[in-house]
Every structure is written in structure tokens, then in C-alpha cells.
file start13.txt (compact mmCIF, C-alpha atoms and all ligand atoms)
# COMPACT_ATOMS: atom_id res chain seq x y z
CA MET Z 1 -39.82 10.30 -17.88
CA THR Z 2 -42.47 12.88 -17.21
CA ALA Z 3 -45.44 11.68 -15.14
CA ILE Z 4 -48.78 12.61 -16.65
CA ILE Z 5 -51.05 13.15 -13.66
CA ASP Z 6 -54.29 11.30 -14.35
CA GLY Z 7 -57.06 13.40 -12.84
CA LYS Z 8 -59.72 11.19 -14.33
CA ALA Z 9 -58.42 8.10 -12.53
CA ILE Z 10 -57.75 9.92 -9.25
CA SER Z 11 -61.19 11.56 -9.25
CA GLN Z 12 -62.79 8.17 -9.92
CA LYS Z 13 -60.94 6.70 -6.95
CA ILE Z 14 -62.14 9.54 -4.72
CA LYS Z 15 -65.73 9.14 -5.90
CA ASP Z 16 -65.58 5.38 -5.25
CA GLU Z 17 -64.26 6.00 -1.72
CA LEU Z 18 -67.04 8.56 -1.16
CA LYS Z 19 -69.65 6.08 -2.40
CA GLU Z 20 -68.56 3.67 0.35
CA GLU Z 21 -68.59 6.43 2.95
CA VAL Z 22 -72.10 7.47 1.89
CA ALA Z 23 -73.28 3.87 2.30
CA ARG Z 24 -71.79 3.76 5.82
CA LYS Z 25 -73.38 7.08 6.78
CA LYS Z 26 -76.74 6.04 5.33
CA ALA Z 27 -76.62 2.89 7.45
CA GLN Z 28 -76.36 5.20 10.48
CA GLY Z 29 -79.53 6.96 9.34
CA ARG Z 30 -77.83 10.02 7.88
CA SER Z 31 -78.64 11.54 4.50
CA ALA Z 32 -77.50 14.32 2.19
CA THR Z 33 -79.27 16.39 -0.43
CA LEU Z 34 -77.47 18.87 -2.65
CA ALA Z 35 -79.58 21.75 -4.00
CA VAL Z 36 -78.28 22.87 -7.38
CA ILE Z 37 -79.51 26.24 -8.64
CA GLN Z 38 -79.03 27.44 -12.19
CA VAL Z 39 -80.31 30.80 -13.36
CA GLY Z 40 -80.73 31.05 -17.14
CA ASN Z 41 -79.54 28.46 -19.61
CA ASP Z 42 -75.90 29.08 -20.42
CA PRO Z 43 -74.99 25.86 -22.27
CA ALA Z 44 -71.65 25.35 -20.45
CA SER Z 45 -73.39 25.79 -17.07
CA THR Z 46 -76.05 23.26 -18.10
CA VAL Z 47 -73.30 20.71 -18.82
CA TYR Z 48 -71.54 21.39 -15.48
CA VAL Z 49 -74.80 21.20 -13.53
CA GLY Z 50 -75.72 17.95 -15.28
CA ASN Z 51 -72.32 16.46 -14.37
CA LYS Z 52 -72.74 17.51 -10.73
CA LYS Z 53 -76.15 15.84 -10.52
CA LYS Z 54 -74.74 12.70 -12.17
CA ALA Z 55 -71.90 12.59 -9.63
CA CYS Z 56 -74.44 12.84 -6.77
CA ALA Z 57 -76.39 9.92 -8.19
CA TYR Z 58 -73.17 7.92 -8.61
CA ILE Z 59 -72.09 8.26 -4.99
CA GLY Z 60 -75.65 7.69 -3.76
CA ILE Z 61 -76.83 11.07 -2.56
CA GLU Z 62 -79.88 13.08 -3.55
CA SER Z 63 -79.79 16.23 -5.63
CA GLU Z 64 -82.58 18.73 -6.16
CA SER Z 65 -82.52 21.01 -9.19
CA PHE Z 66 -83.76 24.55 -9.34
CA GLU Z 67 -83.77 25.75 -12.93
CA LEU Z 68 -84.74 29.39 -12.78
CA PRO Z 69 -85.42 31.58 -15.83
CA GLU Z 70 -82.90 34.17 -16.99
CA GLU Z 71 -85.29 36.99 -15.88
CA THR Z 72 -85.29 35.81 -12.24
CA THR Z 73 -84.67 38.85 -10.04
CA GLN Z 74 -81.98 38.95 -7.40
CA ASP Z 75 -84.66 39.10 -4.67
CA GLU Z 76 -86.36 36.01 -6.07
CA LEU Z 77 -83.07 34.12 -6.09
CA LEU Z 78 -82.32 35.27 -2.53
CA GLU Z 79 -85.75 33.97 -1.47
CA VAL Z 80 -84.98 30.53 -2.91
CA ILE Z 81 -81.64 30.50 -1.06
CA ASP Z 82 -83.31 31.55 2.22
CA ARG Z 83 -85.81 28.75 1.88
CA LEU Z 84 -83.06 26.19 1.25
CA ASN Z 85 -80.96 27.57 4.13
CA ASP Z 86 -83.92 26.94 6.46
CA ASP Z 87 -84.76 23.49 5.06
CA PRO Z 88 -83.20 20.82 7.30
CA GLY Z 89 -83.52 18.29 4.43
CA ILE Z 90 -81.01 20.28 2.32
CA THR Z 91 -77.38 19.73 3.38
CA GLY Z 92 -75.60 21.59 0.57
CA ILE Z 93 -76.45 24.54 -1.68
CA LEU Z 94 -74.74 25.43 -4.91
CA VAL Z 95 -75.56 28.35 -7.21
CA GLN Z 96 -73.92 27.71 -10.57
CA LEU Z 97 -71.81 30.69 -11.67
CA PRO Z 98 -71.86 32.92 -13.59
CA VAL Z 99 -75.28 34.32 -12.72
CA PRO Z 100 -76.92 36.78 -15.18
CA ALA Z 101 -75.46 40.31 -15.12
CA HIS Z 102 -78.43 41.86 -13.27
CA ILE Z 103 -77.67 39.67 -10.23
CA ASP Z 104 -74.76 40.50 -7.93
CA GLU Z 105 -72.64 37.38 -7.49
CA ASP Z 106 -71.14 38.44 -4.14
CA THR Z 107 -74.58 39.09 -2.64
CA ILE Z 108 -75.66 35.59 -3.68
CA ILE Z 109 -72.51 33.90 -2.35
CA ARG Z 110 -72.88 35.67 1.01
CA ARG Z 111 -76.50 34.61 1.39
CA ILE Z 112 -75.77 30.85 1.34
CA SER Z 113 -75.39 29.54 4.89
CA PRO Z 114 -71.70 28.79 5.56
CA LEU Z 115 -72.94 25.44 6.96
CA LYS Z 116 -74.25 24.52 3.48
CA ASP Z 117 -71.63 26.34 1.37
CA VAL Z 118 -70.26 23.26 -0.42
CA ASP Z 119 -68.54 25.45 -3.04
CA GLY Z 120 -66.46 27.05 -0.27
CA PHE Z 121 -67.00 30.54 -1.72
CA HIS Z 122 -68.57 32.26 1.33
CA PRO Z 123 -66.23 34.78 3.05
CA MET Z 124 -66.62 32.70 6.26
CA SER Z 125 -65.34 29.61 4.43
CA VAL Z 126 -62.45 31.54 2.89
CA GLY Z 127 -61.64 33.14 6.25
CA ALA Z 128 -61.64 29.74 7.97
CA LEU Z 129 -59.19 28.44 5.36
CA CYS Z 130 -57.01 31.51 5.86
CA ILE Z 131 -56.63 30.94 9.62
CA GLY Z 132 -56.54 27.14 9.42
CA GLU Z 133 -59.98 26.46 10.88
CA LYS Z 134 -62.47 23.85 9.74
CA GLY Z 135 -64.70 24.85 6.82
CA PHE Z 136 -65.54 24.06 3.22
CA VAL Z 137 -62.61 24.51 0.83
CA SER Z 138 -63.06 25.70 -2.76
CA CYS Z 139 -63.24 22.55 -4.89
CA THR Z 140 -60.67 23.17 -7.65
CA PRO Z 141 -57.74 24.06 -5.34
CA ALA Z 142 -58.76 21.27 -2.94
CA GLY Z 143 -58.71 18.91 -5.93
CA ILE Z 144 -55.21 20.06 -6.88
CA MET Z 145 -53.98 19.24 -3.36
CA LYS Z 146 -55.46 15.74 -3.79
CA LEU Z 147 -53.73 15.36 -7.18
CA LEU Z 148 -50.39 16.21 -5.53
CA GLU Z 149 -51.09 13.87 -2.61
CA TYR Z 150 -52.15 10.91 -4.79
CA SER Z 151 -49.11 11.49 -7.03
CA GLY Z 152 -46.76 11.34 -4.02
CA ILE Z 153 -45.63 14.96 -4.45
CA ASP Z 154 -44.69 16.50 -1.10
CA VAL Z 155 -45.28 20.25 -0.84
CA SER Z 156 -43.40 20.91 2.41
CA GLY Z 157 -40.46 23.27 1.90
CA LYS Z 158 -41.00 23.52 -1.85
CA GLU Z 159 -41.03 26.72 -3.90
CA CYS Z 160 -44.64 27.01 -5.05
CA VAL Z 161 -45.67 29.61 -7.60
CA VAL Z 162 -49.34 30.25 -8.32
CA ILE Z 163 -50.13 32.30 -11.42
CA GLY Z 164 -53.58 33.86 -10.97
CA ARG Z 165 -55.23 35.44 -7.94
CA SER Z 166 -58.95 34.71 -8.35
CA ASN Z 167 -61.09 34.17 -5.26
CA ILE Z 168 -62.10 30.72 -6.53
CA VAL Z 169 -58.70 29.31 -7.50
CA GLY Z 170 -55.55 31.43 -7.08
CA LYS Z 171 -56.10 32.75 -3.55
CA PRO Z 172 -57.39 29.55 -1.92
CA MET Z 173 -54.72 27.57 -3.80
CA SER Z 174 -52.00 29.74 -2.28
CA LEU Z 175 -53.48 29.26 1.20
CA LEU Z 176 -53.63 25.47 0.80
CA LEU Z 177 -50.02 25.29 -0.40
CA LEU Z 178 -48.99 27.48 2.53
CA ARG Z 179 -50.93 25.24 4.93
CA ALA Z 180 -48.94 22.31 3.48
CA ASN Z 181 -45.74 24.21 4.35
CA GLY Z 182 -44.88 25.36 0.84
CA THR Z 183 -43.04 28.63 0.22
CA VAL Z 184 -45.65 30.40 -1.83
CA THR Z 185 -45.47 33.20 -4.41
CA ILE Z 186 -48.61 34.55 -6.08
CA CYS Z 187 -48.25 36.08 -9.55
CA HIS Z 188 -50.82 38.10 -11.48
CA SER Z 189 -51.20 40.42 -14.45
CA LYS Z 190 -49.03 43.13 -12.84
CA THR Z 191 -46.16 40.79 -11.91
CA LYS Z 192 -42.84 41.88 -13.39
CA ASN Z 193 -40.49 39.21 -14.78
CA LEU Z 194 -43.14 36.50 -14.74
CA LYS Z 195 -40.84 34.08 -16.57
CA GLU Z 196 -38.13 34.54 -13.97
CA VAL Z 197 -40.51 34.13 -11.01
CA ALA Z 198 -42.36 31.16 -12.53
CA SER Z 199 -39.15 29.35 -13.31
CA ARG Z 200 -38.17 29.35 -9.62
CA ALA Z 201 -41.08 27.01 -8.93
CA ASP Z 202 -40.77 23.41 -7.85
CA ILE Z 203 -44.56 23.35 -8.08
CA LEU Z 204 -46.14 25.70 -10.63
CA VAL Z 205 -49.93 26.17 -10.62
CA VAL Z 206 -51.27 28.04 -13.61
CA ALA Z 207 -54.74 29.62 -13.51
CA ILE Z 208 -54.61 32.64 -15.82
CA GLY Z 209 -57.30 31.86 -18.37
CA ARG Z 210 -55.10 32.36 -21.45
CA PRO Z 211 -54.70 29.45 -23.83
CA ARG Z 212 -51.18 27.88 -23.97
CA MET Z 213 -49.52 31.02 -22.51
CA ILE Z 214 -47.04 29.13 -20.36
CA ASN Z 215 -44.26 27.54 -22.39
CA GLU Z 216 -40.90 25.95 -21.45
CA GLU Z 217 -39.36 29.39 -20.75
CA TYR Z 218 -41.52 29.67 -17.62
CA VAL Z 219 -40.69 26.23 -16.27
CA LYS Z 220 -37.71 24.98 -14.28
CA ASP Z 221 -36.22 21.60 -15.15
CA GLY Z 222 -38.00 18.93 -13.15
CA ALA Z 223 -40.86 21.15 -11.94
CA VAL Z 224 -44.38 19.88 -11.29
CA VAL Z 225 -46.83 21.78 -13.52
CA ILE Z 226 -50.54 22.01 -12.70
CA ASP Z 227 -52.75 23.50 -15.42
CA VAL Z 228 -56.13 24.85 -14.27
CA GLY Z 229 -57.11 26.42 -17.62
CA ILE Z 230 -59.49 24.92 -20.12
CA HIS Z 231 -60.21 26.46 -23.50
CA ARG Z 232 -62.07 25.27 -26.58
CA MET Z 233 -59.95 26.21 -29.61
CA GLU Z 234 -61.20 27.02 -33.10
CA ASP Z 235 -60.36 23.51 -34.28
CA GLY Z 236 -62.71 22.18 -31.57
CA LYS Z 237 -59.86 20.80 -29.41
CA LEU Z 238 -59.46 21.59 -25.73
CA CYS Z 239 -56.26 23.05 -24.33
CA GLY Z 240 -55.06 24.56 -21.07
CA ASP Z 241 -53.16 27.68 -19.99
CA VAL Z 242 -49.96 25.65 -20.43
CA ASP Z 243 -48.49 24.73 -23.80
CA PHE Z 244 -48.41 21.03 -22.94
CA ASP Z 245 -46.27 19.90 -25.89
CA ARG Z 246 -43.56 22.50 -25.23
CA VAL Z 247 -43.47 21.96 -21.47
CA LYS Z 248 -43.96 18.24 -20.99
CA ASP Z 249 -40.36 17.12 -21.56
CA LYS Z 250 -38.99 19.73 -19.18
CA CYS Z 251 -41.06 18.94 -16.12
CA SER Z 252 -41.19 15.91 -13.83
CA ALA Z 253 -45.01 15.80 -13.72
CA ILE Z 254 -47.82 17.64 -15.48
CA THR Z 255 -51.61 17.62 -15.61
CA PRO Z 256 -53.13 17.20 -19.08
CA VAL Z 257 -56.14 19.16 -20.39
CA PRO Z 258 -58.64 17.60 -20.49
CA GLY Z 259 -58.34 14.89 -17.82
CA GLY Z 260 -56.18 16.68 -15.26
CA VAL Z 261 -57.59 19.25 -12.84
CA GLY Z 262 -61.10 19.38 -14.40
CA PRO Z 263 -62.50 16.08 -13.10
CA MET Z 264 -61.18 16.81 -9.61
CA THR Z 265 -63.48 19.81 -9.11
CA ILE Z 266 -66.63 17.68 -9.10
CA ALA Z 267 -64.99 14.94 -7.01
CA MET Z 268 -64.13 17.53 -4.34
CA LEU Z 269 -67.63 19.00 -4.51
CA MET Z 270 -68.85 15.51 -3.66
CA TYR Z 271 -66.24 15.36 -0.88
CA ASN Z 272 -67.68 18.59 0.58
CA VAL Z 273 -71.26 17.34 0.24
CA VAL Z 274 -70.42 14.08 2.03
CA SER Z 275 -68.55 15.88 4.78
CA ALA Z 276 -71.76 17.89 5.49
CA MET Z 277 -73.76 14.65 5.79
N1 LIG B 1 -68.81 27.95 -12.34
C1 LIG B 1 -67.59 27.52 -12.75
N2 LIG B 1 -67.01 26.78 -11.76
C2 LIG B 1 -67.88 26.76 -10.73
C3 LIG B 1 -67.85 26.15 -9.44
O1 LIG B 1 -66.90 25.49 -9.03
N3 LIG B 1 -68.96 26.36 -8.67
C4 LIG B 1 -70.02 27.09 -9.08
N4 LIG B 1 -71.04 27.23 -8.24
N5 LIG B 1 -70.07 27.66 -10.27
C5 LIG B 1 -69.00 27.49 -11.09

call {"tool": "encode", "arguments": {"input": "start13.txt", "output": "C-alpha cells"}}
result
Amino acid sequence: MTAIIDGKAISQKIKDELKEEVARKKAQGRSATLAVIQVGNDPASTVYVGNKKKACAYIGIESESFELPEETTQDELLEVIDRLNDDPGITGILVQLPVPAHIDEDTIIRRISPLKDVDGFHPMSVGALCIGEKGFVSCTPAGIMKLLEYSGIDVSGKECVVIGRSNIVGKPMSLLLLRANGTVTICHSKTKNLKEVASRADILVVAIGRPRMINEEYVKDGAVVIDVGIHRMEDGKLCGDVDFDRVKDKCSAITPVPGGVGPMTIAMLMYNVVSAM
């Protein structure tokens, strides 16, 4: 029987544990406030930002919203970040991505103090992860490690294949699997024989951004399949990068879309915010 990894339940458990930890820290006089900045009003970003603020309220920490108009200049956004960096009442800063095209994303990411970089996107945070030092870890890959841990899946010594090399998911994912003693291969758009490489994996993490691209031909019998993709199809239904129906009987465990990796991202954001408290 294939295990369907329930990200909704696991993320709820993590948020409930964090709620207790927040209460303990508050009793010691500590507090946390997450600053959430959104530039423009991309509808998907508005939903994500709303969910992040709701999660803060649920675990008992403050959030402060900065809803800036689409025309905000890069300098104006940098000024807001500088102010929040210097504000001792703000413990975490998040700029919802994507930012409008006239703003350079890398410049924004680099301006957030690494001490408040709860998204884990700053080069200092990524560098710390790379050399095994303490620092904020990008939320989606950190969430995937929690899914594996809560599902009793040991990474040590396993063949791990990550498809996708983005700074937010693929690269940090590979580093986390390596840190857990996996043997890690990173695949991308130029990889030759993707099917052959992917089907070596004991643990296959798919983050390519193409709906249902990965079918049973890419998956070894008994593999664990983690699907990071999420796509709204023409019929209104959500699907992942993995063709769930074609893969599910071949693997030993798989994350569904929705309800797999997605809910873990916000839970791990909360984890980062609480750890900065
Ligand atoms: N846009 C899509 N995912 C994310 C995320 O994890 N953090 C931020 N800041 N923006 C995003």
C-alpha cells in the first residue's frame, strides 16, 4: 500500500507545537513580530500573504502588514526594509515574491538583515546552510525534510534525486538531503536521460514547474515521491508536477497536491519566526 503523506496534518501538528513554544517564550517576556511586505496586488500573492498572517495569529505572534502600491520604487522599498531592519520590535521580515518587474529581486533579498531573513533567501542564509552553520533555511525544502521525518523516512545513505535547481527549492533541498547523509543528484532542463537518472532515486523530489510531467517511467518501484509543483488546470482543479494517478501505485509514499508540500511552507515560516523570538 502506498502511503499518502498528509502535509495538512503534519503542518497542523507543527503549528500546534509552535503555539505551545510561543506561549512558553511569551511567559519569559519574549515576543515576535513578522513584517509582511507586499508590493502590488497580485491575487495569488494576496492569498499567500493572508495565509501567512493567519498562521501568525494562530500560533500567537504579531504580524504587521505593509501593502505597497505597484508603482513603489525600488528605493522606496529599500527604505522600508532599512527601517524594519533597524526596528528592534520586528523579529522577521518577509517580502512576498514576485516583486514588480521594475524592482530587482536580488537587491531586495540582500537588503533584509540575515538576522531577520525568515524566508532563508539571503546569500548569508544560503551560505550558512551550505557549510552546515546555523541560519534560516528556505521554508519549502525545510518543510519537505519535516515531511520525511514525520513519515519515518530515513534519508541516510539513500539515492536522492532532486529535479529542479532554483535558489528557493532545488538548491537548498539538495543541501538539506546532503546534510542528512543522502547521496544527492540534481537534475535540470539540460540533464540528459532524465528518466534514467530519476528512476535511480529512492527519494525523488520534483520541483520543475510543469504540470504532471513526471509519470511512472521516471519512478523506481518503491520510491518516495515528493511533489513541489502546484498548478491550476483549465478545469479549475489543482495538480502537481507529478502525474499522481500514474505514479501512486508504483511508489511507497507520495505527497498529494494539494495537501502535501504546500501547507508545510507556511508551517516552516512560522518555525523560522519562532526560532528568531
Ligand atoms: N512567493 C512564493 N513563495 C514564496 C516564499 O516562500 N516566500 C516569499 N517571500 N515569496 C514567495

call {"tool": "residues_around", "arguments": {"input": "start13.txt", "residues": "Z:Lys116", "least_positions_apart": "4", "cutoff": "8 Å", "atoms": "only C-alpha atoms", "output": "list in words"}}
result
Asn85, Thr91, Gly92, Ile93, Ile112 and Ala276 of chain Z

call {"tool": "residues_near_ligand", "arguments": {"input": "start13.txt", "ligand": "ligand LIG 1 (chain B)", "cutoff": "12 Å", "atoms": "only C-alpha atoms and all ligand atoms", "output": "PDB file with C-alpha atoms, in the frame of the given file"}}
result
ATOM      1  CA  LEU Z  34     -77.470  18.870  -2.650  1.00  0.00           C
ATOM      2  CA  ALA Z  35     -79.580  21.750  -4.000  1.00  0.00           C
ATOM      3  CA  VAL Z  36     -78.280  22.870  -7.380  1.00  0.00           C
ATOM      4  CA  ILE Z  37     -79.510  26.240  -8.640  1.00  0.00           C
ATOM      5  CA  GLN Z  38     -79.030  27.440 -12.190  1.00  0.00           C
ATOM      6  CA  VAL Z  39     -80.310  30.800 -13.360  1.00  0.00           C
ATOM      7  CA  ASP Z  42     -75.900  29.080 -20.420  1.00  0.00           C
ATOM      8  CA  PRO Z  43     -74.990  25.860 -22.270  1.00  0.00           C
ATOM      9  CA  ALA Z  44     -71.650  25.350 -20.450  1.00  0.00           C
ATOM     10  CA  SER Z  45     -73.390  25.790 -17.070  1.00  0.00           C
ATOM     11  CA  THR Z  46     -76.050  23.260 -18.100  1.00  0.00           C
ATOM     12  CA  VAL Z  47     -73.300  20.710 -18.820  1.00  0.00           C
ATOM     13  CA  TYR Z  48     -71.540  21.390 -15.480  1.00  0.00           C
ATOM     14  CA  VAL Z  49     -74.800  21.200 -13.530  1.00  0.00           C
ATOM     15  CA  ASN Z  51     -72.320  16.460 -14.370  1.00  0.00           C
ATOM     16  CA  LYS Z  52     -72.740  17.510 -10.730  1.00  0.00           C
ATOM     17  CA  GLY Z  92     -75.600  21.590   0.570  1.00  0.00           C
ATOM     18  CA  ILE Z  93     -76.450  24.540  -1.680  1.00  0.00           C
ATOM     19  CA  LEU Z  94     -74.740  25.430  -4.910  1.00  0.00           C
ATOM     20  CA  VAL Z  95     -75.560  28.350  -7.210  1.00  0.00           C
ATOM     21  CA  GLN Z  96     -73.920  27.710 -10.570  1.00  0.00           C
ATOM     22  CA  LEU Z  97     -71.810  30.690 -11.670  1.00  0.00           C
ATOM     23  CA  PRO Z  98     -71.860  32.920 -13.590  1.00  0.00           C
ATOM     24  CA  VAL Z  99     -75.280  34.320 -12.720  1.00  0.00           C
ATOM     25  CA  GLU Z 105     -72.640  37.380  -7.490  1.00  0.00           C
ATOM     26  CA  ASP Z 106     -71.140  38.440  -4.140  1.00  0.00           C
ATOM     27  CA  ILE Z 108     -75.660  35.590  -3.680  1.00  0.00           C
ATOM     28  CA  ILE Z 109     -72.510  33.900  -2.350  1.00  0.00           C
ATOM     29  CA  ILE Z 112     -75.770  30.850   1.340  1.00  0.00           C
ATOM     30  CA  ASP Z 117     -71.630  26.340   1.370  1.00  0.00           C
ATOM     31  CA  VAL Z 118     -70.260  23.260  -0.420  1.00  0.00           C
ATOM     32  CA  ASP Z 119     -68.540  25.450  -3.040  1.00  0.00           C
ATOM     33  CA  GLY Z 120     -66.460  27.050  -0.270  1.00  0.00           C
ATOM     34  CA  PHE Z 121     -67.000  30.540  -1.720  1.00  0.00           C
ATOM     35  CA  HIS Z 122     -68.570  32.260   1.330  1.00  0.00           C
ATOM     36  CA  VAL Z 137     -62.610  24.510   0.830  1.00  0.00           C
ATOM     37  CA  SER Z 138     -63.060  25.700  -2.760  1.00  0.00           C
ATOM     38  CA  CYS Z 139     -63.240  22.550  -4.890  1.00  0.00           C
ATOM     39  CA  THR Z 140     -60.670  23.170  -7.650  1.00  0.00           C
ATOM     40  CA  PRO Z 141     -57.740  24.060  -5.340  1.00  0.00           C
ATOM     41  CA  ALA Z 142     -58.760  21.270  -2.940  1.00  0.00           C
ATOM     42  CA  GLY Z 143     -58.710  18.910  -5.930  1.00  0.00           C
ATOM     43  CA  SER Z 166     -58.950  34.710  -8.350  1.00  0.00           C
ATOM     44  CA  ASN Z 167     -61.090  34.170  -5.260  1.00  0.00           C
ATOM     45  CA  ILE Z 168     -62.100  30.720  -6.530  1.00  0.00           C
ATOM     46  CA  VAL Z 169     -58.700  29.310  -7.500  1.00  0.00           C
ATOM     47  CA  VAL Z 228     -56.130  24.850 -14.270  1.00  0.00           C
ATOM     48  CA  GLY Z 229     -57.110  26.420 -17.620  1.00  0.00           C
ATOM     49  CA  ILE Z 230     -59.490  24.920 -20.120  1.00  0.00           C
ATOM     50  CA  VAL Z 261     -57.590  19.250 -12.840  1.00  0.00           C
ATOM     51  CA  GLY Z 262     -61.100  19.380 -14.400  1.00  0.00           C
ATOM     52  CA  PRO Z 263     -62.500  16.080 -13.100  1.00  0.00           C
ATOM     53  CA  MET Z 264     -61.180  16.810  -9.610  1.00  0.00           C
ATOM     54  CA  THR Z 265     -63.480  19.810  -9.110  1.00  0.00           C
ATOM     55  CA  ILE Z 266     -66.630  17.680  -9.100  1.00  0.00           C
ATOM     56  CA  ALA Z 267     -64.990  14.940  -7.010  1.00  0.00           C
ATOM     57  CA  MET Z 268     -64.130  17.530  -4.340  1.00  0.00           C
ATOM     58  CA  LEU Z 269     -67.630  19.000  -4.510  1.00  0.00           C
ATOM     59  CA  MET Z 270     -68.850  15.510  -3.660  1.00  0.00           C
ATOM     60  CA  ASN Z 272     -67.680  18.590   0.580  1.00  0.00           C
TER      61      ASN Z 272
END

call {"tool": "axis_aligned_box", "arguments": {"input": "start13.txt", "around": "stretch 189-207 of chain Z", "padding_each_side": "8 Å", "output": "JSON"}}
result
{"center_x": -46.4, "center_y": 33.2, "center_z": -12.2, "size_x": 32.6, "size_y": 35.8, "size_z": 24.7}

call {"tool": "residues_around", "arguments": {"input": "start13.txt", "residues": "Z:Asp221", "least_positions_apart": "6", "cutoff": "10 Å", "atoms": "all atoms listed in the file", "output": "PyMOL selection string"}}
result
chain Z and resi 199-202+247+249-252

call {"tool": "write_last_selection", "arguments": {"input": "start13.txt", "atoms": "C-alpha atoms", "output": "PDB file, in the coordinates of the input"}}
result
ATOM      1  CA  SER Z 199     -39.150  29.350 -13.310  1.00  0.00           C
ATOM      2  CA  ARG Z 200     -38.170  29.350  -9.620  1.00  0.00           C
ATOM      3  CA  ALA Z 201     -41.080  27.010  -8.930  1.00  0.00           C
ATOM      4  CA  ASP Z 202     -40.770  23.410  -7.850  1.00  0.00           C
ATOM      5  CA  VAL Z 247     -43.470  21.960 -21.470  1.00  0.00           C
ATOM      6  CA  ASP Z 249     -40.360  17.120 -21.560  1.00  0.00           C
ATOM      7  CA  LYS Z 250     -38.990  19.730 -19.180  1.00  0.00           C
ATOM      8  CA  CYS Z 251     -41.060  18.940 -16.120  1.00  0.00           C
ATOM      9  CA  SER Z 252     -41.190  15.910 -13.830  1.00  0.00           C
TER      10      SER Z 252
END

call {"tool": "closest_residue", "arguments": {"input": "start13.txt", "among": "Z:Ile10, Z:Ile61, Z:Val206, Z:Ala128", "to": "Z:Ala23", "atoms": "all atoms listed in the file"}}
result
Z:Ile61

call {"tool": "closest_residue", "arguments": {"input": "start13.txt", "among": "Z:Met173, Z:Ile59, Z:Leu238, Z:Ile144", "to": "Z:Gly7", "atoms": "all atoms listed in the file"}}
result
Z:Ile144

call {"tool": "residues_around", "arguments": {"input": "start13.txt", "residues": "Z:Cys239", "least_positions_apart": "2", "cutoff": "9 Å", "atoms": "only C-alpha atoms", "output": "ChimeraX atom specification"}}
result
/Z:211-212,229-233,237,241-244,256-258

call {"tool": "atom_distance", "arguments": {"input": "start13.txt", "atom1": "atom CA of Z:Ile103", "atom2": "atom CA of Z:Glu70"}}
result
10.2 Å

call {"tool": "residues_around", "arguments": {"input": "start13.txt", "residues": "Z:Lys158", "least_positions_apart": "4", "cutoff": "9 Å", "atoms": "only C-alpha atoms", "output": "CSV table (one decimal) with C-alpha atoms, in the coordinates of the input"}}
result
chain,number,residue,atom,x,y,z
Z,154,ASP,CA,-44.7,16.5,-1.1
Z,181,ASN,CA,-45.7,24.2,4.4
Z,182,GLY,CA,-44.9,25.4,0.8
Z,183,THR,CA,-43.0,28.6,0.2
Z,184,VAL,CA,-45.6,30.4,-1.8
Z,201,ALA,CA,-41.1,27.0,-8.9
Z,202,ASP,CA,-40.8,23.4,-7.8
Z,203,ILE,CA,-44.6,23.4,-8.1

call {"tool": "decode", "arguments": {"input": "start13.txt", "residues": "stretch 193-208 of chain Z", "atoms": "C-alpha atoms", "output": "compact mmCIF listing (two decimals), in the first residue's frame"}}
result
# COMPACT_ATOMS: atom_id res chain seq x y z
CA ASN Z 193 18.42 10.79 -19.76
CA LEU Z 194 16.23 12.35 -17.08
CA LYS Z 195 14.06 9.22 -16.90
CA GLU Z 196 17.08 7.03 -16.27
CA VAL Z 197 18.53 9.34 -13.59
CA ALA Z 198 15.19 9.95 -11.87
CA SER Z 199 14.42 6.26 -11.72
CA ARG Z 200 17.57 5.62 -9.67
CA ALA Z 201 16.03 7.59 -6.81
CA ASP Z 202 14.95 6.13 -3.50
CA ILE Z 203 13.72 9.65 -2.74
CA LEU Z 204 12.61 11.75 -5.72
CA VAL Z 205 11.88 15.45 -5.19
CA VAL Z 206 10.22 17.13 -8.15
CA ALA Z 207 10.25 20.93 -8.49
CA ILE Z 208 10.16 21.68 -12.21
